[in-house]
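K.L.:
run.txt is the file, holding compact mmCIF, C-alpha atoms:
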# COMPACT_ATOMS: atom_id res chain seq x y z
CA MET B 555 -29.97 -31.80 38.58
CA GLU B 556 -31.40 -34.87 36.85
CA ASP B 557 -33.96 -32.68 35.05
CA TRP B 558 -31.14 -30.45 33.77
CA LYS B 559 -29.17 -33.47 32.49
CA GLY B 560 -32.29 -34.82 30.84
CA LYS B 561 -32.91 -31.54 29.05
CA GLN B 562 -29.30 -31.45 27.84
CA MET B 563 -29.53 -35.00 26.48
CA LEU B 564 -32.81 -34.19 24.74
CA LYS B 565 -31.20 -31.08 23.21
CA LYS B 566 -28.22 -33.08 21.93
CA SER B 567 -30.50 -35.76 20.48
CA LYS B 568 -32.50 -33.08 18.64
CA ILE B 569 -29.32 -31.59 17.18
CA ASN B 570 -28.24 -35.05 16.01
CA ILE B 571 -31.63 -35.54 14.33
CA TYR B 572 -31.40 -32.10 12.67
CA TYR B 573 -27.87 -32.84 11.48
CA LYS B 574 -28.69 -36.29 10.05
CA TYR B 575 -31.76 -34.99 8.26
CA SER B 576 -30.00 -31.91 6.86
CA SER B 577 -26.86 -33.74 5.68
CA THR B 578 -28.95 -36.49 4.06
CA SER B 579 -31.12 -33.89 2.35
CA LEU B 580 -28.09 -31.96 1.01
CA LEU B 581 -26.40 -35.13 -0.29
CA ARG B 582 -29.63 -36.24 -1.94
CA ARG B 583 -29.76 -33.05 -4.04
CA LYS B 584 -26.10 -32.85 -5.03
CA GLN B 585 -26.42 -30.48 -8.01
CA ARG B 586 -28.41 -27.87 -6.12
CA THR B 587 -26.16 -28.23 -3.08
CA ILE B 588 -23.02 -27.71 -5.18
CA PHE B 589 -24.58 -24.67 -6.86
CA SER B 590 -25.49 -23.16 -3.49
CA LEU B 591 -22.05 -23.89 -2.04
CA LEU B 592 -20.40 -22.18 -5.01
CA ALA B 593 -22.69 -19.14 -4.72
CA ILE B 594 -21.89 -18.78 -1.02
CA ALA B 595 -18.18 -19.53 -1.49
CA ILE B 596 -17.83 -16.96 -4.27
CA SER B 597 -19.59 -14.26 -2.28
CA ILE B 598 -17.65 -14.96 0.93
CA SER B 599 -14.33 -15.27 -0.91
CA SER B 600 -15.02 -11.93 -2.60
CA ILE B 601 -15.70 -10.27 0.74
CA VAL B 602 -12.59 -11.82 2.34
CA ALA B 603 -10.38 -10.97 -0.63
CA ILE B 604 -11.68 -7.41 -0.84
CA GLY B 605 -11.27 -6.95 2.92
CA LEU B 606 -7.71 -8.25 2.89
CA MET B 607 -6.88 -6.15 -0.15
CA GLY B 608 -8.30 -3.05 1.55
CA THR B 609 -6.11 -3.72 4.58
CA SER B 610 -3.15 -4.31 2.28
CA ILE B 611 -3.80 -1.07 0.41
CA ASP B 612 -3.85 0.86 3.68
CA TYR B 613 -0.65 -0.81 4.91
CA THR B 614 1.07 -0.41 1.55
CA LEU B 615 0.11 3.25 1.37
CA GLN B 616 1.47 3.85 4.87
CA SER B 617 4.82 2.28 4.03
CA SER B 618 5.14 3.45 0.42
CA VAL B 619 4.04 7.00 1.23
CA LYS B 620 6.82 7.24 3.83
CA TYR B 621 9.29 5.83 1.30
CA TYR B 622 8.32 8.09 -1.60
CA PHE B 623 7.64 11.04 0.72
CA GLY B 624 11.14 10.66 2.14
CA GLY B 625 10.29 10.42 5.85
CA ASP B 626 7.69 11.49 8.41
CA LEU B 627 8.24 15.21 7.84
CA ARG B 628 9.46 17.07 4.78
CA LEU B 629 10.83 20.59 4.87
CA ASN B 630 10.69 22.18 1.42
CA THR B 631 13.14 25.09 1.20
CA GLY B 632 12.62 25.92 -2.46
CA ASN B 633 14.86 25.65 -5.50
CA VAL B 634 18.44 26.53 -4.52
CA GLU B 635 19.05 28.20 -7.91
CA PHE B 636 16.00 30.48 -7.83
CA ARG B 637 15.45 30.91 -4.10
CA THR B 638 14.02 34.29 -3.10
CA GLY B 639 13.01 33.74 0.53
CA ASN B 640 15.20 33.84 3.63
CA PHE B 641 16.83 30.51 4.52
CA ASP B 642 19.98 29.30 6.26
CA PHE B 643 20.75 25.61 5.82
CA ILE B 644 23.44 25.41 8.52
CA GLU B 645 21.22 27.02 11.17
CA THR B 646 18.28 24.79 10.17
CA GLU B 647 20.47 21.70 10.42
CA GLU B 648 21.68 22.78 13.87
CA PHE B 649 18.07 23.22 15.00
CA ILE B 650 17.18 19.72 13.74
CA GLN B 651 20.19 18.37 15.63
CA SER B 652 18.81 20.00 18.80
CA LEU B 653 15.54 18.13 18.23
CA ILE B 654 17.54 14.89 18.02
CA ASP B 655 19.29 15.75 21.29
CA ARG B 656 15.86 16.35 22.89
CA GLY B 657 14.65 12.93 21.71
CA ILE B 658 11.97 14.37 19.39
CA VAL B 659 13.61 13.42 16.07
CA GLN B 660 15.40 10.13 15.36
CA ASP B 661 17.26 10.97 12.15
CA TYR B 662 17.23 13.26 9.13
CA THR B 663 18.61 13.51 5.61
CA TYR B 664 18.49 16.03 2.80
CA GLN B 665 18.62 16.30 -0.97
CA ILE B 666 18.97 18.80 -3.76
CA GLY B 667 16.66 18.38 -6.74
CA THR B 668 17.07 20.03 -10.12
CA VAL B 669 16.28 19.48 -13.79
CA ARG B 670 19.12 19.35 -16.31
CA ASP B 671 19.68 18.78 -20.04
CA THR B 672 21.39 15.68 -21.35
CA ASP B 673 23.76 15.54 -24.28
CA ILE B 674 22.64 12.28 -25.83
CA GLN B 675 21.80 12.38 -29.52
CA ARG B 676 21.13 8.93 -30.85
CA GLU B 677 18.34 6.74 -32.13
CA GLY B 678 15.84 5.58 -29.53
CA VAL B 679 16.22 8.62 -27.27
CA THR B 680 12.85 10.26 -26.52
CA GLN B 681 13.93 13.16 -24.28
CA THR B 682 16.87 15.51 -23.72
CA PHE B 683 16.51 16.34 -20.01
CA LEU B 684 16.31 14.57 -16.66
CA GLY B 685 15.66 15.17 -13.00
CA LEU B 686 18.80 15.08 -10.87
CA ARG B 687 18.75 14.36 -7.14
CA GLY B 688 21.77 14.86 -4.97
CA VAL B 689 21.27 12.62 -1.92
CA GLU B 690 23.17 11.34 1.09
CA ILE B 691 23.85 7.84 -0.21
CA ASP B 692 24.30 6.26 3.22
CA LYS B 693 21.02 7.73 4.57
CA TYR B 694 18.72 7.88 1.56
CA PRO B 695 15.90 7.06 2.04
CA LEU B 696 15.05 7.11 5.75
CA TYR B 697 12.51 4.30 5.25
CA GLU B 698 13.08 1.04 3.40
CA GLU B 699 15.67 0.99 0.60
CA VAL B 700 15.73 2.08 -3.03
CA PRO B 701 14.90 -1.12 -5.02
CA VAL B 702 17.71 -1.96 -7.45
CA ILE B 703 16.60 -3.48 -10.77
CA GLU B 704 20.07 -3.79 -12.32
CA PRO B 705 22.52 -5.16 -11.29
CA LYS B 706 20.33 -7.76 -9.63
CA ASN B 707 20.71 -8.70 -5.96
CA THR B 708 22.60 -5.46 -5.23
CA ASN B 709 22.05 -2.95 -2.44
CA PHE B 710 21.61 0.69 -3.43
CA ILE B 711 24.32 1.94 -1.09
CA THR B 712 26.96 -0.32 -2.67
CA LEU B 713 26.43 1.06 -6.20
CA PHE B 714 28.35 4.29 -5.66
CA LYS B 715 32.13 4.08 -5.64
CA GLU B 716 33.22 7.19 -7.57
CA PRO B 717 32.04 10.85 -7.31
CA TYR B 718 30.48 10.80 -10.78
CA ASP B 719 28.57 7.56 -10.49
CA ILE B 720 24.83 7.84 -11.11
CA ALA B 721 21.88 5.51 -10.53
CA ILE B 722 18.97 6.14 -12.89
CA ASN B 723 15.39 4.95 -12.57
CA ASP B 724 13.74 2.61 -15.05
CA ILE B 725 11.78 5.42 -16.73
CA LEU B 726 14.95 7.38 -17.54
CA ALA B 727 16.75 4.21 -18.66
CA GLN B 728 13.97 3.55 -21.16
CA ASN B 729 13.66 7.17 -22.35
CA LEU B 730 17.41 7.61 -22.87
CA ASN B 731 18.02 4.03 -23.99
CA LEU B 732 20.66 3.48 -21.30
CA LYS B 733 22.01 0.43 -19.49
CA VAL B 734 24.46 -0.18 -16.66
CA GLY B 735 27.98 0.84 -17.67
CA ASP B 736 26.87 3.50 -20.20
CA THR B 737 27.96 7.13 -20.01
CA LEU B 738 25.34 9.80 -19.29
CA PRO B 739 26.50 13.33 -20.25
CA VAL B 740 24.72 16.13 -18.33
CA ILE B 741 24.85 19.87 -19.09
CA THR B 742 25.45 21.97 -15.96
CA GLN B 743 26.97 25.34 -14.96
CA ARG B 744 30.36 23.67 -15.41
CA GLY B 745 29.54 22.59 -18.94
CA ARG B 746 29.34 18.96 -20.04
CA THR B 747 29.79 16.50 -17.16
CA GLU B 748 29.93 12.76 -17.84
CA PHE B 749 28.40 10.34 -15.36
CA ARG B 750 28.78 6.57 -15.35
CA VAL B 751 25.53 4.63 -14.97
CA VAL B 752 26.14 2.19 -12.10
CA GLY B 753 22.59 1.01 -11.56
CA ILE B 754 18.95 1.10 -12.64
CA VAL B 755 16.57 1.57 -9.73
CA LYS B 756 12.84 1.83 -8.99
CA GLU B 757 12.44 5.44 -7.91
CA GLY B 758 9.42 7.72 -8.31
CA GLY B 759 7.84 10.93 -7.11
CA GLY B 760 7.53 14.29 -8.83
CA VAL B 761 9.57 14.72 -11.98
CA ALA B 762 10.73 11.10 -11.74
CA ASP B 763 7.26 9.84 -12.68
CA ILE B 764 7.24 11.87 -15.90
CA PHE B 765 10.79 12.33 -17.16
CA GLY B 766 12.88 9.97 -15.08
CA VAL B 767 15.46 10.74 -12.43
CA GLY B 768 19.13 10.20 -11.71
CA LEU B 769 20.51 9.86 -8.16
CA ILE B 770 24.00 11.19 -7.44
CA ARG B 771 26.02 12.07 -4.36
CA HIS B 772 24.99 15.25 -2.55
CA GLU B 773 28.60 16.51 -2.62
CA THR B 774 28.72 16.04 -6.40
CA MET B 775 25.51 18.05 -6.80
CA LEU B 776 27.03 20.93 -4.81
CA GLU B 777 29.94 20.97 -7.26
CA LEU B 778 27.68 20.89 -10.32
CA LEU B 779 25.66 23.87 -9.05
CA ASP B 780 28.76 25.79 -7.88
CA LEU B 781 27.45 25.96 -4.31
CA LYS B 782 30.12 26.96 -1.79
CA GLU B 783 28.20 25.72 1.27
CA ARG B 784 25.96 22.77 1.95
CA ASP B 785 22.36 23.34 0.93
CA ALA B 786 19.17 21.44 0.19
CA THR B 787 15.81 21.76 -1.54
CA ASN B 788 14.25 19.21 0.82
CA ILE B 789 15.08 18.02 4.33
CA PHE B 790 13.45 14.80 5.56
CA LEU B 791 12.92 13.91 9.23
CA LYS B 792 12.22 10.55 10.85
CA THR B 793 10.48 10.29 14.22
CA GLU B 794 9.65 7.36 16.49
CA ASN B 795 5.87 7.86 16.34
CA ASP B 796 3.16 10.23 15.09
CA SER B 797 2.94 12.05 18.42
CA LEU B 798 6.61 13.03 18.25
CA MET B 799 6.17 13.86 14.57
CA TYR B 800 3.54 16.47 15.41
CA GLU B 801 5.70 17.79 18.25
CA ALA B 802 8.64 18.16 15.85
CA GLU B 803 6.37 19.90 13.33
CA ARG B 804 5.17 22.41 15.94
CA SER B 805 8.72 23.06 17.15
CA ILE B 806 9.98 23.74 13.63
CA GLU B 807 7.06 26.01 12.82
CA TYR B 808 7.21 28.15 15.99
CA GLU B 809 10.85 27.93 17.06
CA LEU B 810 12.51 28.07 13.64
CA ILE B 811 10.31 29.22 10.78
CA GLU B 812 8.34 31.98 12.55
CA ARG B 813 11.30 33.12 14.65
CA ASN B 814 13.70 33.42 11.72
CA LYS B 815 11.07 34.21 9.07
CA TYR B 816 12.37 31.35 6.94
CA ASP B 817 10.56 30.52 3.71
CA ILE B 818 10.09 26.82 4.52
CA ARG B 819 7.02 24.71 3.78
CA ILE B 820 6.55 21.79 6.16
CA THR B 821 4.40 18.74 5.36
CA ASN B 822 3.89 15.43 7.17
CA TYR B 823 3.36 12.01 5.64
CA ILE B 824 -0.20 11.72 7.02
CA GLU B 825 -1.31 14.73 4.97
CA GLN B 826 0.31 13.14 1.93
CA ASN B 827 -1.37 9.81 2.70
CA GLU B 828 -4.78 11.51 2.98
CA GLN B 829 -4.27 13.09 -0.42
CA THR B 830 -3.41 9.69 -1.88
CA LEU B 831 -6.45 8.07 -0.21
CA GLU B 832 -8.66 10.85 -1.55
CA THR B 833 -7.42 10.04 -5.04
CA LEU B 834 -8.13 6.33 -4.48
CA ARG B 835 -11.49 6.88 -2.76
CA PRO B 836 -13.59 5.94 -5.85
CA VAL B 837 -11.64 2.67 -6.10
CA LEU B 838 -12.15 1.86 -2.41
CA GLN B 839 -15.86 2.71 -2.69
CA PHE B 840 -16.10 0.33 -5.64
CA PHE B 841 -14.54 -2.44 -3.52
CA ASN B 842 -17.06 -1.82 -0.72
CA LEU B 843 -19.94 -1.92 -3.21
CA ALA B 844 -18.56 -5.12 -4.73
CA GLY B 845 -18.45 -6.69 -1.26
CA ILE B 846 -22.10 -5.78 -0.58
CA ILE B 847 -23.16 -7.19 -3.96
CA ALA B 848 -21.18 -10.39 -3.30
CA LEU B 849 -22.90 -10.79 0.09
CA MET B 850 -26.31 -10.30 -1.53
CA VAL B 851 -25.50 -12.94 -4.16
CA GLY B 852 -24.67 -15.47 -1.44
CA ALA B 853 -27.80 -14.64 0.54
CA ILE B 854 -30.01 -14.89 -2.53
CA GLY B 855 -28.36 -18.24 -3.34
CA ILE B 856 -29.27 -19.70 0.06
CA ILE B 857 -32.81 -18.24 0.09
CA THR B 858 -33.53 -19.47 -3.46
CA THR B 859 -32.19 -22.95 -2.70
CA MET B 860 -34.20 -23.34 0.48
CA TYR B 861 -37.37 -21.95 -1.10
CA ILE B 862 -37.18 -24.39 -4.02
CA SER B 863 -36.27 -27.19 -1.61
CA MET B 864 -39.35 -26.51 0.50
CA LYS B 865 -41.58 -26.47 -2.58
CA GLU B 866 -40.21 -29.83 -3.72
CA ARG B 867 -40.59 -31.42 -0.29
CA LYS B 868 -44.28 -30.83 0.34
CA LYS B 869 -44.84 -34.56 0.85
CA GLU B 870 -42.02 -34.75 3.42
CA ILE B 871 -43.44 -31.76 5.28
CA GLY B 872 -46.90 -33.34 5.18
CA ILE B 873 -45.57 -36.61 6.62
CA MET B 874 -43.72 -34.71 9.37
CA LYS B 875 -46.89 -32.96 10.40
CA ALA B 876 -48.91 -36.17 10.12
CA ILE B 877 -46.69 -37.92 12.68
CA GLY B 878 -47.08 -35.01 15.09
CA ILE B 879 -44.10 -32.75 14.36
CA LYS B 880 -45.04 -29.12 14.92
CA SER B 881 -44.70 -26.47 12.21
CA SER B 882 -42.06 -24.67 14.29
CA GLU B 883 -40.00 -27.87 14.41
CA VAL B 884 -40.30 -28.30 10.62
CA ILE B 885 -38.99 -24.77 10.15
CA LYS B 886 -36.07 -25.63 12.45
CA PHE B 887 -35.16 -28.55 10.16
CA PHE B 888 -34.86 -26.21 7.18
CA LEU B 889 -33.07 -23.50 9.18
CA PHE B 890 -30.51 -26.06 10.36
CA GLU B 891 -30.04 -27.21 6.77
CA ALA B 892 -29.51 -23.59 5.64
CA THR B 893 -27.05 -23.05 8.51
CA LEU B 894 -25.10 -26.18 7.57
CA LEU B 895 -25.01 -25.05 3.96
CA GLY B 896 -23.89 -21.57 5.00
CA ILE B 897 -21.09 -22.83 7.27
CA ALA B 898 -19.72 -25.17 4.58
CA GLY B 899 -19.93 -22.52 1.86
CA SER B 900 -18.42 -19.84 4.10
CA SER B 901 -15.49 -22.06 5.11
CA LEU B 902 -14.78 -22.79 1.46
CA GLY B 903 -15.19 -19.09 0.66
CA VAL B 904 -12.68 -18.02 3.34
CA LEU B 905 -10.06 -20.40 1.94
CA LEU B 906 -10.68 -19.19 -1.61
CA GLY B 907 -10.67 -15.57 -0.43
CA ILE B 908 -7.25 -15.94 1.19
CA LEU B 909 -5.97 -17.58 -1.99
CA PHE B 910 -7.38 -14.84 -4.23
CA SER B 911 -6.20 -12.08 -1.93
CA THR B 912 -2.56 -13.09 -2.28
CA GLN B 913 -2.83 -12.22 -5.96
CA LEU B 914 -4.96 -9.11 -5.39
CA VAL B 915 -2.47 -7.85 -2.79
CA LEU B 916 0.27 -7.89 -5.43
CA ILE B 917 -1.97 -5.79 -7.69
CA ALA B 918 -2.82 -3.46 -4.80
CA GLU B 919 0.85 -2.93 -3.95
Please re-express this file's structure in structure tokens.
P.N.:
Amino acid sequence: MEDWKGKQMLKKSKINIYYKYSSTSLLRRKQRTIFSLLAIAISISSIVAIGLMGTSIDYTLQSSVKYYFGGDLRLNTGNVEFRTGNFDFIETEEFIQSLIDRGIVQDYTYQIGTVRDTDIQREGVTQTFLGLRGVEIDKYPLYEEVPVIEPKNTNFITLFKEPYDIAINDILAQNLNLKVGDTLPVITQRGRTEFRVVGIVKEGGGVADIFGVGLIRHETMLELLDLKERDATNIFLKTENDSLMYEAERSIEYELIERNKYDIRITNYIEQNEQTLETLRPVLQFFNLAGIIALMVGAIGIITTMYISMKERKKEIGIMKAIGIKSSEVIKFFLFEATLLGIAGSSLGVLLGILFSTQLVLIAE
């Protein structure tokens, strides 16, 4: 027992000697120490920032894909005006309701999308058509909420008070030179219909990214297209988890589409997310490569510093050996110094990385 305690005390005394020697040595060569700390901190901060940004990209894609995708599952039924395949909206809706009753689906919503001409002829207008989306205002979208740019601090659902109110996205507002309160005339089967712009929102996907889009009530869209019954170009489903999502997908494919020979295309958000990740793969690979390069820079910084330090301290090494210190112990002195330098630089790098990542995350989103 006493031998064990003696060994522990000897070990602690050695560590104290290593620490005193290393800290004194680093403080003595302040310029080189600062340079090494910066090299390590920059490399570690780059790795931390890139890692956090990668995680943020993945999380942002998961949430934004569900938002822009519309839900977990999307049933595309084709354009209601040019539909050629067999489809019954009421029967499809009843089947989805049965999935809700079975606990497979949580909620659903639908929309009608179409492209229409505008009747705006004035200076500053760069297009004469827009994408119209008839949506269930109280349910759209199933995830998150449509961000409202104008009026500020307003919820999307509170914008619509009249049947011919319309919320347009920022792209359309810029292209048609419109602001809240303006009138937006749209050419439909019923002729010229005037909408009142009640809000400017951040909305994308499909035609919205190119031409801009206007969101109106689903009931109003049915009137504009002279549809006698409820219909939809897309139906969006929300499930509790991915397992239930796949179960709902299988049920729709085998119990609805194949049985009734409906012309419906079904897609899940994971497939959409994979397509997005495939598009971003070169960017993510660049981040990984940048992290490896940053790590190499830090390692080279430490190795270079310690190599130069050893060259400059030949006399110290000679004195150590002269008083009986073994070569292995001398190496331990320098390894401890490198470890101390690495820990200090890494700690600084982690703090800087977290600071940088907060800005990079905004870019990533």
K.L.:
Return the single residue from B:Leu791, B:Ile818, B:Leu894, B:Ile725 that is closest to B:Asn633, with distances computed using all atoms listed in the file.
P.N.:
B:Ile818
K.L.:
Which residue is closest to B:Thr646? Choose from B:Glu870, B:Asp785, B:Asp796, B:Asp724 and count all atoms listed in the file.
P.N.:
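Using all atoms listed in the file, the shortest distance to B:Thr646 belongs to B:Asp785.
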K.L.:
If I take atom CA of B:Ala786 and atom CA of B:Ile674, how far is one from the other in Å, to one decimal?
P.N.:
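These atoms are spaced 27.8 Å apart.
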K.L.:
Give me, as a list in words, all polymer residues having an atom no more than 12 Å from B:Gly735, counting only C-alpha atoms and skipping those fewer than 2 positions away in the same chain.
P.N.:
Glu704, Pro705, Leu713, Asp719, Ile720, Ala721, Ile722, Ala727, Leu732, Lys733, Thr737, Leu738, Phe749, Arg750, Val751, Val752, Gly753 and Ile754 of chain B
K.L.:
What is the atom CA of B:Ile820-atom CA of B:Tyr800 distance in Å, reported with one decimal?
P.N.:
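A separation of 11.1 Å between them.
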K.L.:
Could you give me, as a list in words, the residues that sit within 10 Å of (2.1, 14.6, 7.5) in the file's coordinates, counting only C-alpha atoms?
P.N.:
Lys620, Phe623, Gly625, Asp626, Leu627, Arg628, Asp796, Met799, Tyr800, Glu803, Ile820, Thr821, Asn822, Tyr823, Ile824, Glu825, Gln826, Asn827 and Glu828 of chain B
K.L.:
Let's have the selection written as a PDB file, keeping the file's coordinate frame, with C-alpha atoms.
P.N.:
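As written to disk, again.pdb reads:
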ATOM      1  CA  LYS B 620       6.820   7.240   3.830  1.00  0.00           C
ATOM      2  CA  PHE B 623       7.640  11.040   0.720  1.00  0.00           C
ATOM      3  CA  GLY B 625      10.290  10.420   5.850  1.00  0.00           C
ATOM      4  CA  ASP B 626       7.690  11.490   8.410  1.00  0.00           C
ATOM      5  CA  LEU B 627       8.240  15.210   7.840  1.00  0.00           C
ATOM      6  CA  ARG B 628       9.460  17.070   4.780  1.00  0.00           C
ATOM      7  CA  ASP B 796       3.160  10.230  15.090  1.00  0.00           C
ATOM      8  CA  MET B 799       6.170  13.860  14.570  1.00  0.00           C
ATOM      9  CA  TYR B 800       3.540  16.470  15.410  1.00  0.00           C
ATOM     10  CA  GLU B 803       6.370  19.900  13.330  1.00  0.00           C
ATOM     11  CA  ILE B 820       6.550  21.790   6.160  1.00  0.00           C
ATOM     12  CA  THR B 821       4.400  18.740   5.360  1.00  0.00           C
ATOM     13  CA  ASN B 822       3.890  15.430   7.170  1.00  0.00           C
ATOM     14  CA  TYR B 823       3.360  12.010   5.640  1.00  0.00           C
ATOM     15  CA  ILE B 824      -0.200  11.720   7.020  1.00  0.00           C
ATOM     16  CA  GLU B 825      -1.310  14.730   4.970  1.00  0.00           C
ATOM     17  CA  GLN B 826       0.310  13.140   1.930  1.00  0.00           C
ATOM     18  CA  ASN B 827      -1.370   9.810   2.700  1.00  0.00           C
ATOM     19  CA  GLU B 828      -4.780  11.510   2.980  1.00  0.00           C
TER      20      GLU B 828
END
K.L.:
Report the closest atom pair, with its distance in Å rounded to one decimal, for each residue of stretch 784-808 of chain B that has an atom no farther than 12 Å from stretch 682-690 of chain B; count only C-alpha atoms, sort by chain and then rising residue number, and write it as a Markdown table.
P.N.:
| residue | atom | partner | partner_atom | distance |
| --- | --- | --- | --- | --- |
| B:Arg784 | CA | B:Gly688 | CA | 11.3 |
| B:Asp785 | CA | B:Gly688 | CA | 10.3 |
| B:Ala786 | CA | B:Gly688 | CA | 8.8 |
| B:Thr787 | CA | B:Arg687 | CA | 9.7 |
| B:Asn788 | CA | B:Val689 | CA | 10.0 |
| B:Ile789 | CA | B:Val689 | CA | 10.3 |
| B:Phe790 | CA | B:Val689 | CA | 11.0 |
K.L.:
Ranking B:Ile847, B:Asp692, B:Tyr808, B:Ile703 by minimum distance to B:Ile770 and counting only C-alpha atoms, which one comes first?
P.N.:
B:Asp692
K.L.:
Which of these, B:Lys815, B:Lys792, B:Lys865, B:Lys880, has the shortest distance to B:Ile658 once you count only C-alpha atoms?
P.N.:
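Checking each candidate against B:Ile658, we get B:Lys792 as the closest.
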K.L.:
Go ahead and compute the interatomic distance for atom CA of B:Glu812 and atom CA of B:Leu781, in Å to one decimal.
P.N.:
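Between atom CA of B:Glu812 and atom CA of B:Leu781 the gap works out to 26.2 Å.
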